[in-house]
Amino acid sequence: MDIGYLAFFASLTLFASTAFALEPIPGSIIYNGQPKTRLQKAPIGSTFTHEFSNDGNSYDETYRIMPDRSLELLDRRQINRH
């Protein structure tokens with residue numbers, strides 16, 4: 001495979017992963033940046049959920065603990081309460 005193709009696909013993969021990153025909304029743990037306190041005992045790579053309300057809607061978010069102990073927002077679901 002030509003090195004030009006490899007560079008193209010590598011840049012495309014990098015763009016796709018950043019272009020579709022989930023952005024925090026008010027109520028998200030990382031909405032105003034990373035929290036000041038870090039989860040020290042939780043294993044790196046572990047996930048947890050956070051439930052909150054925003055504008056009358058309820059949400060459930062899933063976070064992953066990164067190697068530097070920062071949080072990565074992986075998923076958000078709107079919770080329907082009827």
# chains A, B, ... in the order shown; residues from 1 in each chain; ligands from 1
>>> residues_around(residues="Lys36 (chain A)", least_positions_apart="3", cutoff="12 Å", atoms="only C-alpha atoms", output="number ranges by chain")
A: 29-30, 32-33, 39, 69-71
>>> write_last_selection(atoms="N, CA and C atoms", output="compact mmCIF listing (two decimals), in the first residue's frame")
# COMPACT_ATOMS: atom_id res chain seq x y z
N ILE A 29 -20.62 16.00 34.33
CA ILE A 29 -19.54 16.15 35.30
C ILE A 29 -18.43 17.04 34.75
N ILE A 30 -18.14 16.93 33.47
CA ILE A 30 -17.03 17.70 32.88
C ILE A 30 -17.50 18.92 32.09
N ASN A 32 -17.85 22.08 32.95
CA ASN A 32 -16.95 23.23 33.15
C ASN A 32 -15.50 22.80 33.23
N GLY A 33 -15.14 21.72 32.56
CA GLY A 33 -13.79 21.19 32.60
C GLY A 33 -13.72 19.98 33.52
N LEU A 39 -10.57 10.55 40.76
CA LEU A 39 -10.91 9.25 41.32
C LEU A 39 -9.62 8.44 41.43
N ARG A 69 -6.12 9.97 35.00
CA ARG A 69 -7.22 10.13 35.96
C ARG A 69 -8.25 11.18 35.54
N SER A 70 -8.17 11.67 34.32
CA SER A 70 -9.22 12.54 33.82
C SER A 70 -10.39 11.66 33.39
N LEU A 71 -11.51 12.29 33.08
CA LEU A 71 -12.72 11.57 32.69
C LEU A 71 -13.01 11.79 31.22
>>> residues_around(residues="Pro43 (chain A)", least_positions_apart="5", cutoff="10 Å", atoms="only C-alpha atoms", output="list of chain:residue names")
A:Arg64, A:Ile65, A:Met66, A:Pro67, A:Arg69
>>> write_last_selection(atoms="N, CA, C and O atoms", output="mmCIF file, in the first residue's frame")
data_model
loop_
_atom_site.group_PDB
_atom_site.id
_atom_site.type_symbol
_atom_site.label_atom_id
_atom_site.label_comp_id
_atom_site.auth_asym_id
_atom_site.auth_seq_id
_atom_site.Cartn_x
_atom_site.Cartn_y
_atom_site.Cartn_z
ATOM 1 N N ARG A 64 -15.429 7.173 31.333
ATOM 2 C CA ARG A 64 -14.299 6.261 31.509
ATOM 3 C C ARG A 64 -13.173 7.012 32.199
ATOM 4 O O ARG A 64 -12.917 8.186 31.895
ATOM 5 N N ILE A 65 -12.486 6.336 33.111
ATOM 6 C CA ILE A 65 -11.337 6.925 33.789
ATOM 7 C C ILE A 65 -10.101 6.684 32.927
ATOM 8 O O ILE A 65 -9.745 5.533 32.632
ATOM 9 N N MET A 66 -9.462 7.768 32.514
ATOM 10 C CA MET A 66 -8.296 7.715 31.636
ATOM 11 C C MET A 66 -7.018 7.513 32.465
ATOM 12 O O MET A 66 -7.028 7.707 33.677
ATOM 13 N N PRO A 67 -5.900 7.146 31.823
ATOM 14 C CA PRO A 67 -4.651 6.913 32.556
ATOM 15 C C PRO A 67 -4.181 8.102 33.400
ATOM 16 O O PRO A 67 -3.576 7.908 34.452
ATOM 17 N N ARG A 69 -6.117 9.973 35.000
ATOM 18 C CA ARG A 69 -7.219 10.131 35.956
ATOM 19 C C ARG A 69 -8.246 11.177 35.543
ATOM 20 O O ARG A 69 -9.107 11.546 36.330
#
>>> closest_residue(among="A:Gln40, A:Arg81, A:Gln34, A:Asp68", to="Gly56 (chain A)", atoms="only C-alpha atoms")
A:Arg81
